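A.B. asks: I'm passing along entry36.cif; it holds mmCIF, C-alpha atoms.
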```cif
data_my_file
#
loop_
_atom_site.label_atom_id
_atom_site.label_comp_id
_atom_site.auth_asym_id
_atom_site.auth_seq_id
_atom_site.Cartn_x
_atom_site.Cartn_y
_atom_site.Cartn_z
CA MET A 1 -296.63 -59.46 97.85
CA SER A 2 -293.15 -58.29 96.77
CA LEU A 3 -291.39 -55.08 97.87
CA GLY A 4 -291.05 -51.78 96.05
CA ILE A 5 -289.00 -48.72 97.01
CA VAL A 6 -289.10 -45.21 95.51
CA ILE A 7 -286.84 -42.49 96.92
CA CYS A 8 -287.30 -38.87 95.89
CA SER A 9 -284.07 -36.96 96.57
CA PRO A 10 -282.65 -33.58 95.51
CA GLU A 11 -280.52 -35.20 92.81
CA GLY A 12 -283.15 -37.52 91.37
CA VAL A 13 -285.61 -40.35 91.89
CA VAL A 14 -284.55 -43.92 92.69
CA LEU A 15 -286.79 -46.90 91.88
CA ALA A 16 -286.06 -50.41 93.15
CA ALA A 17 -287.83 -53.76 93.39
CA GLU A 18 -287.03 -57.45 93.58
CA SER A 19 -288.24 -59.98 91.01
CA ARG A 20 -290.41 -62.57 92.73
CA VAL A 21 -294.01 -63.19 91.70
CA THR A 22 -296.08 -65.50 93.90
CA LEU A 23 -299.22 -67.02 92.42
CA THR A 24 -301.77 -69.15 94.24
CA ALA A 25 -302.87 -72.33 92.50
CA GLU A 26 -306.18 -73.74 93.74
CA THR A 27 -307.01 -77.38 93.06
CA PRO A 28 -309.99 -78.25 95.33
CA PRO A 29 -310.34 -80.17 97.53
CA ASP A 30 -306.57 -79.82 98.11
CA PRO A 31 -305.32 -76.72 99.97
CA PRO A 32 -304.00 -73.79 97.88
CA ILE A 33 -300.42 -74.03 96.63
CA HIS A 34 -298.15 -70.98 96.44
CA VAL A 35 -295.98 -70.96 93.31
CA SER A 36 -293.11 -68.47 92.91
CA TYR A 37 -291.21 -67.20 89.87
CA ASP A 38 -288.09 -65.05 90.29
CA ASN A 39 -287.78 -63.15 87.03
CA ALA A 40 -290.67 -60.68 87.03
CA THR A 41 -290.09 -57.04 86.10
CA LYS A 42 -291.54 -54.62 88.64
CA VAL A 43 -289.55 -51.51 87.67
CA LEU A 44 -291.25 -50.32 84.47
CA SER A 45 -289.47 -48.06 81.99
CA PHE A 46 -290.69 -46.35 78.83
CA ASN A 47 -289.21 -45.07 75.57
CA ARG A 48 -288.65 -41.46 74.56
CA PRO A 49 -290.24 -38.99 75.04
CA HIS A 50 -291.67 -40.69 78.14
CA ASP A 51 -288.32 -41.75 79.61
CA PHE A 52 -288.51 -39.08 82.32
CA VAL A 53 -291.09 -41.21 84.15
CA GLY A 54 -290.71 -44.66 85.74
CA VAL A 55 -293.00 -46.97 87.68
CA VAL A 56 -292.63 -49.46 90.52
CA THR A 57 -295.40 -51.96 91.14
CA TYR A 58 -296.04 -54.23 94.11
CA GLY A 59 -298.89 -55.96 95.92
CA LEU A 60 -301.07 -58.24 93.81
CA ALA A 61 -298.82 -60.04 91.35
CA ALA A 62 -301.11 -60.23 88.35
CA ILE A 63 -304.37 -59.19 86.75
CA GLY A 64 -305.76 -62.54 85.75
CA LEU A 65 -302.47 -64.28 84.96
CA ARG A 66 -300.67 -61.24 83.52
CA THR A 67 -298.18 -59.10 85.39
CA ALA A 68 -298.19 -55.31 85.13
CA ASN A 69 -295.07 -55.33 82.96
CA SER A 70 -296.73 -57.63 80.43
CA TYR A 71 -299.13 -54.76 79.66
CA ALA A 72 -296.40 -52.10 79.37
CA SER A 73 -296.16 -52.07 75.58
CA GLU A 74 -299.95 -51.88 75.24
CA PHE A 75 -300.08 -48.92 77.62
CA GLU A 76 -297.19 -47.17 75.91
CA ALA A 77 -299.04 -47.41 72.59
CA THR A 78 -301.82 -45.25 74.09
CA LEU A 79 -299.48 -42.37 75.03
CA PRO A 80 -299.26 -39.18 72.95
CA PRO A 81 -296.14 -38.54 70.82
CA LYS A 82 -294.98 -35.71 73.09
CA ARG A 83 -293.74 -35.63 76.68
CA ILE A 84 -296.46 -35.30 79.32
CA SER A 85 -296.43 -34.39 83.00
CA VAL A 86 -295.87 -37.00 85.70
CA ASP A 87 -299.39 -36.54 87.08
CA ASP A 88 -300.93 -36.92 83.62
CA PHE A 89 -298.85 -40.05 83.07
CA ALA A 90 -300.03 -41.48 86.40
CA SER A 91 -303.68 -40.72 85.57
CA ARG A 92 -303.40 -42.40 82.16
CA LEU A 93 -301.68 -45.42 83.71
CA SER A 94 -304.41 -45.75 86.33
CA THR A 95 -307.19 -45.54 83.76
CA PHE A 96 -305.48 -48.13 81.59
CA PHE A 97 -305.09 -50.65 84.41
CA MET A 98 -308.60 -50.08 85.70
CA ASP A 99 -309.81 -51.06 82.23
CA GLN A 100 -307.67 -54.22 82.29
CA TRP A 101 -308.96 -55.02 85.78
CA LYS A 102 -312.60 -54.71 84.80
CA ALA A 103 -312.04 -56.94 81.79
CA ALA A 104 -310.19 -59.74 83.61
CA MET A 105 -311.04 -59.77 87.32
CA PRO A 106 -314.21 -60.87 89.16
CA PRO A 107 -316.43 -58.02 90.45
CA ASP A 108 -316.49 -59.52 93.97
CA TYR A 109 -312.67 -59.55 94.36
CA GLN A 110 -311.69 -59.04 98.01
CA GLY A 111 -307.90 -59.47 97.99
CA PRO A 112 -304.99 -56.99 98.05
CA PRO A 113 -304.70 -54.33 95.34
CA MET A 114 -302.06 -53.95 92.67
CA THR A 115 -300.17 -50.82 93.71
CA PHE A 116 -298.31 -48.47 91.38
CA VAL A 117 -295.80 -45.79 92.39
CA VAL A 118 -295.09 -43.36 89.55
CA GLY A 119 -292.02 -41.15 89.80
CA GLY A 120 -290.35 -38.71 87.45
CA PHE A 121 -289.65 -35.16 86.36
CA ASN A 122 -291.80 -32.55 84.70
CA GLU A 123 -290.20 -30.29 82.12
CA LYS A 124 -288.43 -27.26 83.59
CA GLN A 125 -289.02 -28.37 87.19
CA ALA A 126 -286.10 -28.77 89.54
CA TYR A 127 -287.26 -31.74 91.58
CA GLY A 128 -289.03 -35.01 91.00
CA ARG A 129 -292.65 -35.86 91.71
CA VAL A 130 -294.08 -39.14 93.03
CA PHE A 131 -297.66 -40.41 92.82
CA LEU A 132 -299.26 -43.58 94.20
CA PHE A 133 -302.48 -45.41 93.36
CA ASP A 134 -304.09 -48.80 94.03
CA ILE A 135 -305.99 -50.86 91.49
CA PRO A 136 -308.93 -51.31 91.94
CA SER A 137 -309.54 -49.81 95.40
CA ALA A 138 -307.99 -46.32 95.11
CA PRO A 139 -307.37 -45.51 91.44
CA LEU A 140 -307.01 -41.73 91.85
CA PRO A 141 -303.24 -40.98 91.90
CA ALA A 142 -302.23 -39.36 95.19
CA ILE A 143 -299.17 -37.14 95.31
CA ARG A 144 -296.46 -38.04 97.81
CA GLY A 145 -295.19 -34.86 99.45
CA ALA A 146 -295.14 -31.27 98.28
CA GLU A 147 -292.85 -29.97 95.54
CA GLY A 148 -289.30 -29.84 96.85
CA GLU A 149 -290.11 -32.30 99.66
CA PHE A 150 -287.98 -35.44 99.73
CA GLY A 151 -288.66 -38.86 101.18
CA ILE A 152 -289.22 -42.59 100.70
CA THR A 153 -292.29 -44.48 99.49
CA TRP A 154 -292.28 -48.20 100.15
CA GLY A 155 -294.83 -51.00 100.14
CA GLY A 156 -295.68 -54.64 99.66
CA GLN A 157 -294.09 -56.90 102.27
CA ARG A 158 -292.87 -53.91 104.23
CA ASN A 159 -292.31 -55.49 107.66
CA GLN A 160 -288.52 -55.41 107.58
CA VAL A 161 -288.32 -51.93 106.07
CA ASP A 162 -290.80 -50.64 108.66
CA ARG A 163 -288.61 -51.96 111.46
CA LEU A 164 -285.45 -50.54 109.93
CA LEU A 165 -286.80 -47.17 108.86
CA GLN A 166 -289.54 -46.44 111.40
CA GLY A 167 -287.94 -48.40 114.22
CA PHE A 168 -291.02 -50.58 114.79
CA ASP A 169 -293.51 -52.82 113.02
CA ALA A 170 -296.57 -51.03 111.63
CA GLU A 171 -298.81 -53.20 113.83
CA LEU A 172 -297.15 -52.01 117.05
CA PRO A 173 -299.27 -48.88 117.72
CA ASN A 174 -302.57 -50.76 117.44
CA ALA A 175 -301.20 -53.62 119.55
CA LEU A 176 -300.15 -51.21 122.30
CA ILE A 177 -303.50 -49.43 122.25
CA ALA A 178 -305.39 -52.71 122.54
CA GLU A 179 -303.18 -54.43 125.09
CA LEU A 180 -302.55 -51.42 127.37
CA GLN A 181 -306.00 -49.84 126.96
CA LEU A 182 -304.44 -46.46 126.23
CA THR A 183 -306.56 -43.35 126.70
CA PRO A 184 -307.14 -40.93 123.80
CA ASP A 185 -304.57 -38.55 125.32
CA GLN A 186 -301.99 -41.32 125.52
CA GLN A 187 -302.74 -42.38 121.98
CA ALA A 188 -302.21 -38.81 120.78
CA LYS A 189 -298.68 -38.84 122.26
CA MET A 190 -297.68 -42.08 120.53
CA PRO A 191 -296.47 -40.61 117.20
CA GLN A 192 -294.09 -38.26 119.01
CA VAL A 193 -292.74 -41.03 121.23
CA LEU A 194 -292.37 -43.62 118.46
CA GLY A 195 -290.80 -41.00 116.19
CA ARG A 196 -287.68 -41.12 118.35
CA PHE A 197 -286.89 -44.56 116.94
CA GLN A 198 -286.85 -43.63 113.24
CA MET A 199 -283.74 -44.29 111.21
CA PRO A 200 -281.85 -40.98 110.85
CA ALA A 201 -281.60 -41.08 107.05
CA PRO A 202 -281.52 -37.44 105.86
CA ILE A 203 -282.73 -37.92 102.27
CA GLN A 204 -282.54 -34.17 101.66
CA ALA A 205 -278.77 -34.30 102.24
CA MET A 206 -277.99 -37.59 100.49
CA ALA A 207 -276.35 -37.93 97.09
CA LEU A 208 -278.11 -40.00 94.44
CA GLN A 209 -275.61 -42.84 94.94
CA ASP A 210 -276.41 -42.95 98.65
CA CYS A 211 -280.10 -43.24 97.83
CA VAL A 212 -279.36 -46.11 95.43
CA ASP A 213 -277.38 -47.85 98.17
CA LEU A 214 -280.21 -47.30 100.66
CA ALA A 215 -282.85 -48.75 98.33
CA ILE A 216 -280.74 -51.83 97.64
CA PHE A 217 -280.08 -52.23 101.37
CA PHE A 218 -283.80 -52.29 102.15
CA VAL A 219 -284.68 -54.80 99.41
CA ARG A 220 -281.67 -57.05 100.02
CA THR A 221 -282.27 -57.11 103.78
CA THR A 222 -285.91 -58.07 103.25
CA ILE A 223 -284.95 -60.93 100.93
CA ALA A 224 -282.31 -62.20 103.38
CA ALA A 225 -284.65 -61.95 106.38
CA GLN A 226 -287.40 -63.86 104.61
CA ALA A 227 -284.97 -66.59 103.60
CA LEU A 228 -284.06 -67.15 107.27
CA THR A 229 -287.46 -66.90 108.92
CA VAL A 230 -290.86 -68.59 108.84
CA GLY A 231 -293.46 -66.78 106.73
CA ILE A 232 -294.47 -65.99 103.18
CA ARG A 233 -291.29 -65.55 101.15
CA GLY A 234 -292.76 -63.09 98.72
CA CYS A 235 -289.47 -61.29 97.95
CA GLY A 236 -286.62 -62.79 95.98
CA GLY A 237 -284.68 -62.96 92.76
CA PRO A 238 -282.54 -60.18 91.23
CA ILE A 239 -282.97 -56.58 92.37
CA ASP A 240 -283.67 -54.06 89.61
CA VAL A 241 -282.66 -50.46 90.36
CA ALA A 242 -283.08 -47.36 88.19
CA THR A 243 -282.62 -43.62 88.59
CA ILE A 244 -284.42 -40.69 87.00
CA THR A 245 -282.70 -37.31 86.80
CA ARG A 246 -283.97 -33.98 85.53
CA ASP A 247 -281.44 -33.90 82.67
CA GLY A 248 -280.77 -37.53 81.85
CA GLY A 249 -284.15 -39.18 82.29
CA MET A 250 -284.38 -42.79 83.41
CA SER A 251 -281.47 -45.22 83.38
CA PHE A 252 -280.89 -48.56 85.07
CA VAL A 253 -278.15 -48.90 87.66
CA GLN A 254 -278.63 -52.66 87.66
CA GLN A 255 -281.09 -54.76 85.70
CA LYS A 256 -281.49 -58.50 85.27
CA GLN A 257 -280.70 -59.86 81.83
CA LEU A 258 -281.84 -62.88 79.90
CA ARG A 259 -279.43 -65.78 80.37
CA GLY A 260 -278.84 -69.22 78.99
CA GLU A 261 -278.41 -72.57 80.68
CA GLN A 262 -275.07 -71.77 82.30
CA GLY A 263 -276.53 -68.74 84.05
CA THR A 264 -279.44 -70.79 85.29
CA LEU A 265 -277.20 -73.58 86.58
CA ALA A 266 -274.98 -71.04 88.34
CA MET A 267 -278.02 -69.63 90.16
CA VAL A 268 -279.09 -73.14 91.24
CA ARG A 269 -275.65 -73.92 92.60
#
```
Translate the structure of the given file into structure tokens.
C.D. replies:
Amino acid sequence: MSLGIVICSPEGVVLAAESRVTLTAETPPDPPIHVSYDNATKVLSFNRPHDFVGVVTYGLAAIGLRTANSYASEFEATLPPKRISVDDFASRLSTFFMDQWKAAMPPDYQGPPMTFVVGGFNEKQAYGRVFLFDIPSAPLPAIRGAEGEFGITWGGQRNQVDRLLQGFDAELPNALIAELQLTPDQQAKMPQVLGRFQMPAPIQAMALQDCVDLAIFFVRTTIAAQALTVGIRGCGGPIDVATITRDGGMSFVQQKQLRGEQGTLAMVR
């Protein structure tokens, strides 16, 4: 499932994701086998003039057997030679991946979607914009917050981030309603009551570096928690982090690099 984080702050947009891809190998009559690889790229970047937009992907690992990043150069070849708006970029990206989906995936697919979070800056606008869409279930890009509104978008294996940021697991409200047989009036009061437990992280007051630190904290904590508990360990490998600013465009704060045998042996040890 993976984990992706996008933070829209006054100073810029932060994109972060880990590197694990989990595929399911089916060899009937044996039960399915989960196979993981820890070097996938889930923070997608693009060349000028489209370097003021970046993408984080999470959810379904691959279309057929290809990851989203493996299509990046093909998608980039479809872009016009001039800079476009973030919403136009998101719409083009959605159309492109819907086409790939229709060509490679069965029409009766019932599993999780491949989610894309597109963040970046439009020309002459002060603050970043963030859009989200799901392939194939919700391909129309939906904007996250109004212009000048700051916040965090996260998804994938979000259990740990939910508990840290919201103060409770996302399944808690439904569990309370079912177990306690809450009335409609009681249910209506739940958001206000549960809101008291949210992490007091004032994104609107945080410097870009603080937002980078927060994104890494969420991803690293999720990886560590999964390594110590029973469940699907869908998050792992190096953490890629990038920022997008209104003047400088996109740049990586940290990014995994190709390595030789010594690097591989060091990771094993």
A.B. asks: May I ask which of the residues A:Thr78, A:Ser137, A:Thr67, A:Gln160 is the closest one to Arg92 of chain A, counting only C-alpha atoms?
C.D. replies: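 The answer is A:Thr78, which sits nearest to Arg92 of chain A.
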A.B. asks: Quick one: residues within 10 Å of segment 168-180 of chain A, all atoms listed in the file, excluding same-chain residues fewer than 6 positions away - as a ChimeraX atom specification?
C.D. replies: /A:158-162,186-187,190-191,194-195,197-198
A.B. asks: Using the selection just defined, write its residues with C-alpha atoms as a PDB file, keeping the file's coordinate frame.
C.D. replies:
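part20.pdb was written with the following content:
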```pdb
ATOM      1  CA  ARG A 158    -292.870 -53.910 104.230  1.00  0.00           C
ATOM      2  CA  ASN A 159    -292.310 -55.490 107.660  1.00  0.00           C
ATOM      3  CA  GLN A 160    -288.520 -55.410 107.580  1.00  0.00           C
ATOM      4  CA  VAL A 161    -288.320 -51.930 106.070  1.00  0.00           C
ATOM      5  CA  ASP A 162    -290.800 -50.640 108.660  1.00  0.00           C
ATOM      6  CA  GLN A 186    -301.990 -41.320 125.520  1.00  0.00           C
ATOM      7  CA  GLN A 187    -302.740 -42.380 121.980  1.00  0.00           C
ATOM      8  CA  MET A 190    -297.680 -42.080 120.530  1.00  0.00           C
ATOM      9  CA  PRO A 191    -296.470 -40.610 117.200  1.00  0.00           C
ATOM     10  CA  LEU A 194    -292.370 -43.620 118.460  1.00  0.00           C
ATOM     11  CA  GLY A 195    -290.800 -41.000 116.190  1.00  0.00           C
ATOM     12  CA  PHE A 197    -286.890 -44.560 116.940  1.00  0.00           C
ATOM     13  CA  GLN A 198    -286.850 -43.630 113.240  1.00  0.00           C
TER      14      GLN A 198
END
```
A.B. asks: Using only C-alpha atoms, can you tell me which of A:Ala17, A:Met206, A:Cys211, A:Ala146 comes closest to Ile244 of chain A?
C.D. replies: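 Between A:Ala17, A:Met206, A:Cys211, A:Ala146, the residue approaching Ile244 of chain A most closely is A:Cys211.
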A.B. asks: At what distance in Å, to one decimal, does atom CA of Val35 of chain A lie from atom CA of Ser73 of chain A?
C.D. replies: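 Pair atom CA of Ser73 of chain A / atom CA of Val35 of chain A returns 25.9 Å.
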A.B. asks: Which is closest to Pro136 of chain A among A:Gln166, A:Thr115, A:Thr153, A:Asn122, if we use all atoms listed in the file?
C.D. replies: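 Smallest distance to Pro136 of chain A is found for A:Thr115.
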A.B. asks: Might you spell out which residues the PyMOL selection byres ((chain A and resi 69) around 8) would select in the displayed file, as a ChimeraX atom specification?
C.D. replies: /A:41-42,44,67-68,70-72
A.B. asks: For each of A:Ala225, A:Met250, A:Val219, A:Leu3, take the minimum atom-to-atom distance to Gly59 of chain A, counting all atoms listed in the file, then give the residue where this is smallest.
C.D. replies: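 Residue with the minimum atom-to-atom distance to Gly59 of chain A: A:Leu3.
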A.B. asks: So which one's closest to Asp88 of chain A, A:Ala61, A:Ala103, A:Ala25, A:Val53? Using all atoms listed in the file, please.
C.D. replies: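 For Asp88 of chain A, the nearest of the candidates is A:Val53.
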A.B. asks: Restricting the calculation to all atoms listed in the file, which member of A:Glu18, A:Glu149, A:Met1, A:Gln209 is positioned closest to Ile223 of chain A?
C.D. replies: A:Glu18
A.B. asks: Would you mind reading off the distance between atom CA of Phe133 of chain A and atom CA of Val117 of chain A, one decimal, in Å?
C.D. replies: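 These atoms are spaced 6.8 Å apart.
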A.B. asks: Taking 5 positions as the minimum chain separation for residues in the same chain, which residues sit within 9 Å of Gln100 of chain A when counting all atoms listed in the file? Answer as a list in words.
C.D. replies: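 Once the nearby chain positions are removed, what remains is Ile63, Tyr71, Thr95 and Met105 of chain A.
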A.B. asks: I need the residue set behind the PyMOL selection byres ((chain A and resi 34) around 9) for this file; please write it as a PyMOL selection string.
C.D. replies: chain A and resi 22-26+32-33+35-36
A.B. asks: If we count all atoms listed in the file and set the cut-off at 10 Å, which residues sit around Thr245 of chain A, ignoring sequence neighbours fewer than 4 positions away in its own chain? Please answer as a list in words.
C.D. replies: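 Here the answer would be Ser9, Pro10, Glu11, Gly12, Val13, Val14, Phe52, Val53, Gly120, Phe121, Ala126, Tyr127, Gly128, Leu208, Gly249, Met250 and Ser251 of chain A.
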A.B. asks: Please, what distance in Å, to one decimal, runs between atom CA of Met98 of chain A and atom CA of Pro80 of chain A?
C.D. replies: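 Between these atoms lies a distance of 19.2 Å.
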A.B. asks: Please rebuild segment 76-97 of chain A with N, CA and C atoms and give the result as a compact mmCIF listing (two decimals), keeping the file's coordinate frame.
C.D. replies:
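To be explicit, this is the file written out as part-v1.txt:
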```txt
# COMPACT_ATOMS: atom_id res chain seq x y z
N GLU A 76 -298.03 -48.16 76.57
CA GLU A 76 -297.19 -47.17 75.91
C GLU A 76 -297.77 -46.77 74.55
N ALA A 77 -298.44 -47.70 73.89
CA ALA A 77 -299.04 -47.41 72.59
C ALA A 77 -300.18 -46.39 72.70
N THR A 78 -300.73 -46.20 73.90
CA THR A 78 -301.82 -45.25 74.09
C THR A 78 -301.31 -43.83 74.39
N LEU A 79 -300.02 -43.68 74.64
CA LEU A 79 -299.48 -42.37 75.03
C LEU A 79 -299.33 -41.45 73.83
N PRO A 80 -299.44 -40.14 74.05
CA PRO A 80 -299.26 -39.18 72.95
C PRO A 80 -297.80 -39.12 72.51
N PRO A 81 -297.52 -38.57 71.34
CA PRO A 81 -296.14 -38.54 70.82
C PRO A 81 -295.25 -37.49 71.48
N LYS A 82 -295.79 -36.72 72.41
CA LYS A 82 -294.98 -35.71 73.09
C LYS A 82 -294.92 -36.00 74.59
N ARG A 83 -293.92 -35.45 75.24
CA ARG A 83 -293.74 -35.63 76.68
C ARG A 83 -294.91 -35.04 77.45
N ILE A 84 -295.36 -35.77 78.49
CA ILE A 84 -296.46 -35.30 79.32
C ILE A 84 -295.99 -35.20 80.76
N SER A 85 -296.79 -34.57 81.60
CA SER A 85 -296.43 -34.39 83.00
C SER A 85 -296.52 -35.71 83.75
N VAL A 86 -295.86 -35.78 84.89
CA VAL A 86 -295.87 -37.00 85.70
C VAL A 86 -297.28 -37.31 86.18
N ASP A 87 -298.04 -36.29 86.60
CA ASP A 87 -299.39 -36.54 87.08
C ASP A 87 -300.32 -36.99 85.96
N ASP A 88 -300.14 -36.46 84.76
CA ASP A 88 -300.93 -36.92 83.62
C ASP A 88 -300.58 -38.36 83.29
N PHE A 89 -299.30 -38.68 83.32
CA PHE A 89 -298.85 -40.05 83.07
C PHE A 89 -299.49 -41.00 84.08
N ALA A 90 -299.46 -40.63 85.36
CA ALA A 90 -300.03 -41.48 86.40
C ALA A 90 -301.53 -41.67 86.19
N SER A 91 -302.23 -40.62 85.80
CA SER A 91 -303.68 -40.72 85.57
C SER A 91 -303.98 -41.65 84.40
N ARG A 92 -303.21 -41.53 83.32
CA ARG A 92 -303.40 -42.40 82.16
C ARG A 92 -303.10 -43.86 82.52
N LEU A 93 -302.05 -44.06 83.31
CA LEU A 93 -301.68 -45.42 83.71
C LEU A 93 -302.78 -46.04 84.56
N SER A 94 -303.34 -45.26 85.48
CA SER A 94 -304.41 -45.75 86.33
C SER A 94 -305.64 -46.12 85.52
N THR A 95 -306.03 -45.25 84.60
CA THR A 95 -307.19 -45.54 83.76
C THR A 95 -306.98 -46.80 82.94
N PHE A 96 -305.78 -46.95 82.39
CA PHE A 96 -305.48 -48.13 81.59
C PHE A 96 -305.63 -49.41 82.41
N PHE A 97 -305.04 -49.43 83.62
CA PHE A 97 -305.09 -50.65 84.41
C PHE A 97 -306.46 -50.90 85.03
```
